[in-house]
Amino acid sequence: MAGPDPLDFYDVRSLLDDDEQEVQDSIGRFVDEQVIPIISDCFERDHFPVELVPQLAELGLFGCNIEGYGCAGLNNVCYGLVCQELERGDSGVRSFVSVQNSLCMYPIHRYGSEEQRRRWLPEMAAGRLLGCFGLTEPDGGSDPGTMKTRARRDGDDWIINGSKMWITNGTIADLAIVWAASDEGVLGFVVEKGMKGYEARDIRRKMSLRASITSELFFDEVRVPEANRLPGAHGLGAPLSCLTQARFGIAWGAIGAATACLAEALEFASSRVLFGRTLDHTQTIQRRLADIVRRITNARLLALQLGRLKDAGRMQFAQVSLAKWNNVRMALDVAREVRDILGAGGVTLDYHAIRHALNLESVITYEGTETIHELIVGRALTGVSAF
Ligand code: TGC
Ligand code: FAD
């Protein structure tokens, strides 16, 4: 009998139903054939592979866990598997899909009017309209409750002033989901490209997520019609609920990045000859590989149970925080460890580990830093907010 699959040591795949396995396989093939061959070059050139967008749409990935409006209506485990496979390719590609799905289509679906859903969701599902999500501001992303961007009523319109920073997809987005403080609390708006006073500019010199666009957004007396306000969104809980969706996907995605690194380490250890034997004959390397597999296996089981809870309507946001924190920390540590196992070659883009490690430096910061997630779990345990 063959031993356990090194990349799925507990055969977690056998806990997936046929549809879920099919989703994993089809996205996996796409990543192997279309993403991995080009992605190191994109990372090196600081280029988001926008040419993949029509294919991502064709695969039905945009809004894939939304029912209707041209969306695939998959379950949440499938959405997790999509993120896992995409991030096996690159965190930037997964980020792109997370933003379009969890941070743009989700709030329109959950907080928008029926008219707004019909107006934007089918075009977004088809990849003809791209979105970005503006919550973070220059003065401190961990505490969005103190946002300075403001919206004030002016007749039937709203006037928005302020700025957002570190916004994925900002300069390629046709619409921005923008969160602004107002006399009525935090409100959500769909700001469209071309609206007077709205501008997006790329942030350069990133050493992480280089195959992803990150931008600043500026709002100078931008007039937004009431028809572009999300009527169901009142208060900070609305944007935070979108983060819960994206964090769920990230908890799965990180497993993909770690698995790509593990595969690279196994291949290297079995072929690199030092001291007259291949590296995999040494106890230290075996212990390091075993420890990587232990960590990835834990993360896989944790993500799947989180997905089952979400599909059963029982998932709580503190559980998502634990998974985002655990799985991204795991993936970052694994990527750094594999980078070291690869020796000097591991610092180059000839291997994937350094790219994943650098990407994961963003992933551990965005969607709530590790500290924020520890404190969210701490609050759930004690009932005391210690932020
Ligand atoms: P707090 O009093 O805790 O909450 C206000 C209201 O919101 C509710 N709530 C949530 N609801 C759903 N999901 C969550 N995760 C929620 N967290 C809180 C909460 O129950 C409350 O509701 P109600 O009805 O009682 O009013 O608010 P706070 O100001 O104390 O803040 C708490 C804290 C620190 C946890 C929150 O501010 C936070 O999560 N900060 C981190 C910010 C963050 O993660 N930003 C991410 C920006 S987007 C991004 O990074 C995209 S990367 C995209 C990519 O490329 O993949
Ligand atoms: P800060 O909030 O200033 O935190 C600085 C440090 O203080 C961190 O180490 C933090 O853990 C620590 N800290 C914070 N509070 C406490 C506390 N109470 N106790 C102890 N330590 C604390 N945002 C969006 O809105 N949309 C996007 O699309 C988006 N995309 C991004 C893409 C990239 C590549 C990156 C890097 C970020 C992106 N972000 C986006 C922003 C991201 O969400 C924020 O960077 C993140 O929330 C942290 O905010 P900050 O960078 O301002 O750090």
# chains A, B, ... in the order shown; residues from 1 in each chain; ligands from 1
>>> closest_atom_pairs(of="chain A", to="ligand 2", cutoff="7 Å", atoms="only C-alpha atoms and all ligand atoms", output="CSV")
residue,atom,partner,partner_atom_place_in_ligand_line,distance
A:Val99,CA,ligand 2,28 (O),6.6
A:Cys132,CA,ligand 2,28 (O),6.2
A:Phe133,CA,ligand 2,26 (N),5.0
A:Gly134,CA,ligand 2,25 (O),4.4
A:Leu135,CA,ligand 2,25 (O),3.6
A:Thr136,CA,ligand 2,25 (O),3.8
A:Glu137,CA,ligand 2,52 (O),6.9
A:Pro138,CA,ligand 2,52 (O),6.3
A:Asp139,CA,ligand 2,52 (O),6.3
A:Gly140,CA,ligand 2,52 (O),3.6
A:Gly141,CA,ligand 2,49 (O),3.2
A:Ser142,CA,ligand 2,2 (O),3.6
A:Asp143,CA,ligand 2,2 (O),6.2
A:Met165,CA,ligand 2,23 (N),6.7
A:Trp166,CA,ligand 2,38 (C),4.4
A:Ile167,CA,ligand 2,28 (O),3.7
A:Thr168,CA,ligand 2,28 (O),3.8
A:Asn169,CA,ligand 2,28 (O),6.9
A:Ser208,CA,ligand 2,34 (C),6.9
A:Leu209,CA,ligand 2,34 (C),5.9
A:Thr214,CA,ligand 2,32 (C),5.8
A:Ser362,CA,ligand 2,36 (C),4.5
A:Thr365,CA,ligand 2,46 (C),5.4
A:Tyr366,CA,ligand 2,42 (C),3.8
A:Glu367,CA,ligand 2,43 (O),4.6
A:Gly368,CA,ligand 2,47 (O),4.7
A:Thr369,CA,ligand 2,11 (O),4.7
A:Glu370,CA,ligand 2,11 (O),6.0
A:Thr371,CA,ligand 2,11 (O),4.5
A:Ile372,CA,ligand 2,11 (O),5.8
A:Ala386,CA,ligand 2,18 (N),6.7
A:Phe387,CA,ligand 2,18 (N),3.6
>>> residues_around(residues="Leu81 of chain A", least_positions_apart="6", cutoff="10 Å", atoms="only C-alpha atoms", output="JSON, numbers by chain")
{"A": [20, 21, 23, 24, 25, 27, 28, 87, 249, 252, 253, 255, 256, 303, 304, 307]}
>>> write_last_selection(atoms="N, CA, C and O atoms", output="mmCIF file, in the first residue's frame")
data_model
loop_
_atom_site.group_PDB
_atom_site.id
_atom_site.type_symbol
_atom_site.label_atom_id
_atom_site.label_comp_id
_atom_site.auth_asym_id
_atom_site.auth_seq_id
_atom_site.Cartn_x
_atom_site.Cartn_y
_atom_site.Cartn_z
ATOM 1 N N GLU A 20 -17.306 19.265 -5.107
ATOM 2 C CA GLU A 20 -16.194 20.011 -4.504
ATOM 3 C C GLU A 20 -14.860 19.544 -5.093
ATOM 4 O O GLU A 20 -13.992 20.364 -5.412
ATOM 5 N N GLN A 21 -14.733 18.227 -5.281
ATOM 6 C CA GLN A 21 -13.484 17.712 -5.872
ATOM 7 C C GLN A 21 -13.311 18.216 -7.300
ATOM 8 O O GLN A 21 -12.217 18.534 -7.743
ATOM 9 N N VAL A 23 -14.467 21.025 -8.552
ATOM 10 C CA VAL A 23 -14.052 22.436 -8.511
ATOM 11 C C VAL A 23 -12.554 22.512 -8.232
ATOM 12 O O VAL A 23 -11.806 23.215 -8.926
ATOM 13 N N GLN A 24 -12.101 21.759 -7.249
ATOM 14 C CA GLN A 24 -10.670 21.791 -6.921
ATOM 15 C C GLN A 24 -9.828 21.380 -8.128
ATOM 16 O O GLN A 24 -8.829 22.029 -8.452
ATOM 17 N N ASP A 25 -10.259 20.338 -8.823
ATOM 18 C CA ASP A 25 -9.477 19.848 -9.969
ATOM 19 C C ASP A 25 -9.455 20.852 -11.111
ATOM 20 O O ASP A 25 -8.413 21.097 -11.717
ATOM 21 N N ILE A 27 -9.948 24.149 -11.087
ATOM 22 C CA ILE A 27 -9.165 25.363 -10.793
ATOM 23 C C ILE A 27 -7.687 25.008 -10.677
ATOM 24 O O ILE A 27 -6.811 25.765 -11.110
ATOM 25 N N GLY A 28 -7.419 23.812 -10.134
ATOM 26 C CA GLY A 28 -6.030 23.358 -10.041
ATOM 27 C C GLY A 28 -5.375 23.276 -11.413
ATOM 28 O O GLY A 28 -4.241 23.709 -11.603
ATOM 29 N N GLU A 87 -4.227 30.453 -4.724
ATOM 30 C CA GLU A 87 -3.061 30.927 -3.953
ATOM 31 C C GLU A 87 -1.902 29.930 -4.028
ATOM 32 O O GLU A 87 -0.754 30.283 -3.758
ATOM 33 N N GLY A 249 -11.840 33.208 2.919
ATOM 34 C CA GLY A 249 -11.118 32.767 1.715
ATOM 35 C C GLY A 249 -9.611 32.755 1.924
ATOM 36 O O GLY A 249 -8.910 31.860 1.433
ATOM 37 N N TRP A 252 -8.251 29.689 3.668
ATOM 38 C CA TRP A 252 -8.073 28.567 2.732
ATOM 39 C C TRP A 252 -6.893 28.829 1.788
ATOM 40 O O TRP A 252 -6.109 27.929 1.499
ATOM 41 N N GLY A 253 -6.805 30.035 1.307
ATOM 42 C CA GLY A 253 -5.780 30.358 0.314
ATOM 43 C C GLY A 253 -4.385 30.080 0.819
ATOM 44 O O GLY A 253 -3.532 29.539 0.098
ATOM 45 N N ILE A 255 -3.252 27.879 2.632
ATOM 46 C CA ILE A 255 -2.882 26.455 2.535
ATOM 47 C C ILE A 255 -2.273 26.180 1.154
ATOM 48 O O ILE A 255 -1.333 25.403 1.012
ATOM 49 N N GLY A 256 -2.833 26.823 0.140
ATOM 50 C CA GLY A 256 -2.317 26.635 -1.214
ATOM 51 C C GLY A 256 -0.873 27.108 -1.327
ATOM 52 O O GLY A 256 -0.012 26.403 -1.887
ATOM 53 N N ALA A 303 -9.596 24.546 8.122
ATOM 54 C CA ALA A 303 -10.319 25.276 7.071
ATOM 55 C C ALA A 303 -11.575 24.520 6.650
ATOM 56 O O ALA A 303 -12.643 25.122 6.452
ATOM 57 N N LEU A 304 -11.445 23.195 6.529
ATOM 58 C CA LEU A 304 -12.612 22.439 6.073
ATOM 59 C C LEU A 304 -13.740 22.522 7.105
ATOM 60 O O LEU A 304 -14.903 22.750 6.740
ATOM 61 N N GLY A 307 -15.382 25.781 6.819
ATOM 62 C CA GLY A 307 -16.258 25.813 5.644
ATOM 63 C C GLY A 307 -17.573 25.094 5.897
ATOM 64 O O GLY A 307 -18.641 25.562 5.490
#
>>> residues_around(residues="segment 337-350 of chain A", least_positions_apart="3", cutoff="12 Å", atoms="only C-alpha atoms", output="short mmCIF file (atom, residue, chain, number, x, y, z; two decimals) with C-alpha atoms, in the first residue's frame")
data_model
loop_
_atom_site.label_atom_id
_atom_site.label_comp_id
_atom_site.auth_asym_id
_atom_site.auth_seq_id
_atom_site.Cartn_x
_atom_site.Cartn_y
_atom_site.Cartn_z
CA ILE A 36 2.29 29.11 -12.57
CA PRO A 37 4.10 29.39 -15.93
CA ILE A 38 3.79 33.21 -15.99
CA ILE A 39 3.61 34.30 -12.39
CA SER A 40 7.28 34.60 -11.41
CA ASP A 41 7.83 36.87 -14.38
CA CYS A 42 4.77 38.97 -13.43
CA PHE A 43 6.07 39.25 -9.87
CA GLU A 44 9.49 40.32 -11.13
CA ARG A 45 7.98 42.91 -13.46
CA ALA A 257 0.78 28.81 -0.86
CA ALA A 258 2.21 26.51 1.84
CA THR A 259 1.50 23.41 -0.25
CA ALA A 260 3.33 24.88 -3.25
CA CYS A 261 6.35 25.48 -1.03
CA LEU A 262 6.19 21.97 0.44
CA ALA A 263 6.13 20.44 -3.06
CA GLU A 264 9.20 22.46 -3.96
CA ALA A 265 11.04 21.40 -0.78
CA LEU A 266 10.28 17.70 -1.34
CA GLU A 267 11.54 17.86 -4.89
CA PHE A 268 14.70 19.69 -3.88
CA ALA A 269 15.46 17.43 -0.90
CA SER A 270 15.19 14.31 -3.04
CA SER A 271 17.57 15.58 -5.70
CA ARG A 272 20.16 17.76 -3.94
CA LEU A 274 25.43 16.84 -0.27
CA LEU A 279 19.34 15.81 1.45
CA ASP A 280 16.24 13.77 2.26
CA THR A 284 17.18 17.31 10.18
CA ILE A 285 15.64 17.70 6.76
CA GLN A 286 13.14 14.92 7.44
CA ARG A 287 12.16 16.54 10.74
CA ARG A 288 11.71 19.88 9.02
CA LEU A 289 9.58 18.35 6.26
CA ASP A 291 6.91 19.55 10.77
CA ILE A 292 5.78 21.38 7.63
CA VAL A 293 3.36 18.56 6.83
CA MET A 330 1.54 28.66 9.22
CA ALA A 331 2.01 29.50 5.53
CA LEU A 332 4.43 32.35 6.19
CA ASP A 333 6.56 30.17 8.49
CA VAL A 334 6.48 27.31 5.97
CA ALA A 353 9.16 29.90 -2.02
CA ILE A 354 10.61 33.42 -1.82
CA ARG A 355 7.69 34.84 -3.83
CA HIS A 356 5.19 33.12 -1.57
CA ALA A 357 7.07 34.25 1.55
CA LEU A 358 7.17 37.85 0.36
#
>>> closest_residue(among="A:Asn228, A:Ser182, A:Gln245, A:Asn161", to="Tyr198 of chain A", atoms="only C-alpha atoms")
A:Asn161
>>> closest_residue(among="A:Pro4, A:Gly313, A:Pro107, A:Gly276", to="Pro231 of chain A", atoms="only C-alpha atoms")
A:Pro107
>>> residues_around(residues="Ser91 of chain A", least_positions_apart="2", cutoff="9 Å", atoms="only C-alpha atoms", output="PDB file with N, CA, C and O atoms, in the first residue's frame")
ATOM      1  N   CYS A  83     -10.014  29.514  -3.591  1.00  0.00           N
ATOM      2  CA  CYS A  83      -8.952  30.368  -3.034  1.00  0.00           C
ATOM      3  C   CYS A  83      -7.676  29.558  -2.803  1.00  0.00           C
ATOM      4  O   CYS A  83      -6.566  30.032  -3.078  1.00  0.00           O
ATOM      5  N   LEU A  86      -6.011  28.914  -6.206  1.00  0.00           N
ATOM      6  CA  LEU A  86      -5.454  30.140  -6.792  1.00  0.00           C
ATOM      7  C   LEU A  86      -4.192  30.576  -6.050  1.00  0.00           C
ATOM      8  O   LEU A  86      -3.204  30.992  -6.656  1.00  0.00           O
ATOM      9  N   GLU A  87      -4.227  30.453  -4.724  1.00  0.00           N
ATOM     10  CA  GLU A  87      -3.061  30.927  -3.953  1.00  0.00           C
ATOM     11  C   GLU A  87      -1.902  29.930  -4.028  1.00  0.00           C
ATOM     12  O   GLU A  87      -0.754  30.283  -3.758  1.00  0.00           O
ATOM     13  N   ARG A  88      -2.178  28.700  -4.446  1.00  0.00           N
ATOM     14  CA  ARG A  88      -1.072  27.782  -4.765  1.00  0.00           C
ATOM     15  C   ARG A  88      -0.275  28.383  -5.917  1.00  0.00           C
ATOM     16  O   ARG A  88       0.929  28.203  -6.035  1.00  0.00           O
ATOM     17  N   GLY A  89      -0.976  29.127  -6.773  1.00  0.00           N
ATOM     18  CA  GLY A  89      -0.291  29.871  -7.831  1.00  0.00           C
ATOM     19  C   GLY A  89       0.353  31.125  -7.273  1.00  0.00           C
ATOM     20  O   GLY A  89       1.579  31.281  -7.289  1.00  0.00           O
ATOM     21  N   VAL A  93      -3.104  36.656  -7.216  1.00  0.00           N
ATOM     22  CA  VAL A  93      -4.237  36.219  -8.052  1.00  0.00           C
ATOM     23  C   VAL A  93      -5.431  35.898  -7.146  1.00  0.00           C
ATOM     24  O   VAL A  93      -6.569  36.275  -7.423  1.00  0.00           O
ATOM     25  N   ARG A  94      -5.147  35.235  -6.021  1.00  0.00           N
ATOM     26  CA  ARG A  94      -6.226  34.979  -5.056  1.00  0.00           C
ATOM     27  C   ARG A  94      -6.793  36.295  -4.511  1.00  0.00           C
ATOM     28  O   ARG A  94      -8.006  36.444  -4.376  1.00  0.00           O
ATOM     29  N   SER A  95      -5.919  37.254  -4.251  1.00  0.00           N
ATOM     30  CA  SER A  95      -6.363  38.568  -3.758  1.00  0.00           C
ATOM     31  C   SER A  95      -7.346  39.206  -4.729  1.00  0.00           C
ATOM     32  O   SER A  95      -8.368  39.759  -4.327  1.00  0.00           O
ATOM     33  N   PHE A  96      -6.986  39.138  -6.004  1.00  0.00           N
ATOM     34  CA  PHE A  96      -7.848  39.742  -7.016  1.00  0.00           C
ATOM     35  C   PHE A  96      -9.257  39.159  -6.926  1.00  0.00           C
ATOM     36  O   PHE A  96     -10.257  39.887  -6.924  1.00  0.00           O
ATOM     37  N   LEU A 209       3.375  40.942  -2.942  1.00  0.00           N
ATOM     38  CA  LEU A 209       2.198  41.022  -3.825  1.00  0.00           C
ATOM     39  C   LEU A 209       2.480  41.881  -5.052  1.00  0.00           C
ATOM     40  O   LEU A 209       1.694  42.753  -5.411  1.00  0.00           O
ATOM     41  N   ALA A 211       2.505  40.874  -8.087  1.00  0.00           N
ATOM     42  CA  ALA A 211       1.604  40.559  -9.202  1.00  0.00           C
ATOM     43  C   ALA A 211       0.177  40.963  -8.852  1.00  0.00           C
ATOM     44  O   ALA A 211      -0.796  40.310  -9.258  1.00  0.00           O
ATOM     45  N   SER A 212       0.046  42.030  -8.075  1.00  0.00           N
ATOM     46  CA  SER A 212      -1.270  42.543  -7.668  1.00  0.00           C
ATOM     47  C   SER A 212      -1.177  44.065  -7.619  1.00  0.00           C
ATOM     48  O   SER A 212      -0.145  44.603  -7.221  1.00  0.00           O
ATOM     49  N   ILE A 250      -9.112  33.727   2.669  1.00  0.00           N
ATOM     50  CA  ILE A 250      -7.661  33.798   2.916  1.00  0.00           C
ATOM     51  C   ILE A 250      -7.202  32.610   3.760  1.00  0.00           C
ATOM     52  O   ILE A 250      -6.122  32.047   3.532  1.00  0.00           O
ATOM     53  N   GLY A 253      -6.805  30.035   1.307  1.00  0.00           N
ATOM     54  CA  GLY A 253      -5.780  30.358   0.314  1.00  0.00           C
ATOM     55  C   GLY A 253      -4.385  30.080   0.819  1.00  0.00           C
ATOM     56  O   GLY A 253      -3.532  29.539   0.098  1.00  0.00           O
ATOM     57  N   ALA A 254      -4.136  30.428   2.083  1.00  0.00           N
ATOM     58  CA  ALA A 254      -2.793  30.268   2.647  1.00  0.00           C
ATOM     59  C   ALA A 254      -2.314  28.819   2.554  1.00  0.00           C
ATOM     60  O   ALA A 254      -1.116  28.557   2.391  1.00  0.00           O
ATOM     61  N   GLY A 256      -2.833  26.823   0.140  1.00  0.00           N
ATOM     62  CA  GLY A 256      -2.317  26.635  -1.214  1.00  0.00           C
ATOM     63  C   GLY A 256      -0.873  27.108  -1.327  1.00  0.00           C
ATOM     64  O   GLY A 256      -0.012  26.403  -1.887  1.00  0.00           O
ATOM     65  N   ALA A 257      -0.594  28.287  -0.784  1.00  0.00           N
ATOM     66  CA  ALA A 257       0.780  28.814  -0.860  1.00  0.00           C
ATOM     67  C   ALA A 257       1.737  27.876  -0.128  1.00  0.00           C
ATOM     68  O   ALA A 257       2.830  27.553  -0.628  1.00  0.00           O
ATOM     69  N   HIS A 356       6.278  33.374  -2.518  1.00  0.00           N
ATOM     70  CA  HIS A 356       5.187  33.120  -1.570  1.00  0.00           C
ATOM     71  C   HIS A 356       5.482  33.782  -0.220  1.00  0.00           C
ATOM     72  O   HIS A 356       4.594  34.386   0.392  1.00  0.00           O
ATOM     73  N   ASN A 359       4.942  37.489  -0.532  1.00  0.00           N
ATOM     74  CA  ASN A 359       3.500  37.758  -0.626  1.00  0.00           C
ATOM     75  C   ASN A 359       2.821  37.640   0.734  1.00  0.00           C
ATOM     76  O   ASN A 359       1.986  38.473   1.114  1.00  0.00           O
ATOM     77  N   LEU A 360       3.190  36.591   1.458  1.00  0.00           N
ATOM     78  CA  LEU A 360       2.503  36.318   2.728  1.00  0.00           C
ATOM     79  C   LEU A 360       2.794  37.386   3.781  1.00  0.00           C
ATOM     80  O   LEU A 360       2.052  37.536   4.750  1.00  0.00           O
ATOM     81  N   VAL A 363      -0.165  39.284   3.294  1.00  0.00           N
ATOM     82  CA  VAL A 363      -1.377  38.549   3.676  1.00  0.00           C
ATOM     83  C   VAL A 363      -1.525  38.511   5.201  1.00  0.00           C
ATOM     84  O   VAL A 363      -2.635  38.583   5.728  1.00  0.00           O
TER      85      VAL A 363
END
>>> closest_residue(among="A:Leu375, A:Ala180, A:Val191, A:Ile296", to="ligand 1", atoms="only C-alpha atoms and all ligand atoms")
A:Leu375
>>> select_by_dssp(residues="segment 109-232 of chain A", states="alpha helix (DSSP H)", output="NGL selection string")
:A and (109-111 or 114-125)
>>> atom_distance(atom1="atom CA of Val377 of chain A", atom2="atom CA of Leu240 of chain A")
15.2 Å
>>> closest_residue(among="A:Ala290, A:Leu236, A:Leu381, A:Leu52", to="ligand 1", atoms="only C-alpha atoms and all ligand atoms")
A:Leu236
>>> select_by_dssp(residues="segment 8-146 of chain A", states="strand (DSSP E)", output="VMD selection string")
chain A and resid 131 to 134
>>> write_last_selection(atoms="C-alpha atoms", output="tab-separated table (two decimals), in the first residue's frame")
chain	number	residue	atom	x	y	z
A	131	GLY	CA	-14.30	46.28	-8.23
A	132	CYS	CA	-12.16	47.47	-5.35
A	133	PHE	CA	-12.96	47.93	-1.65
A	134	GLY	CA	-11.96	51.09	0.15
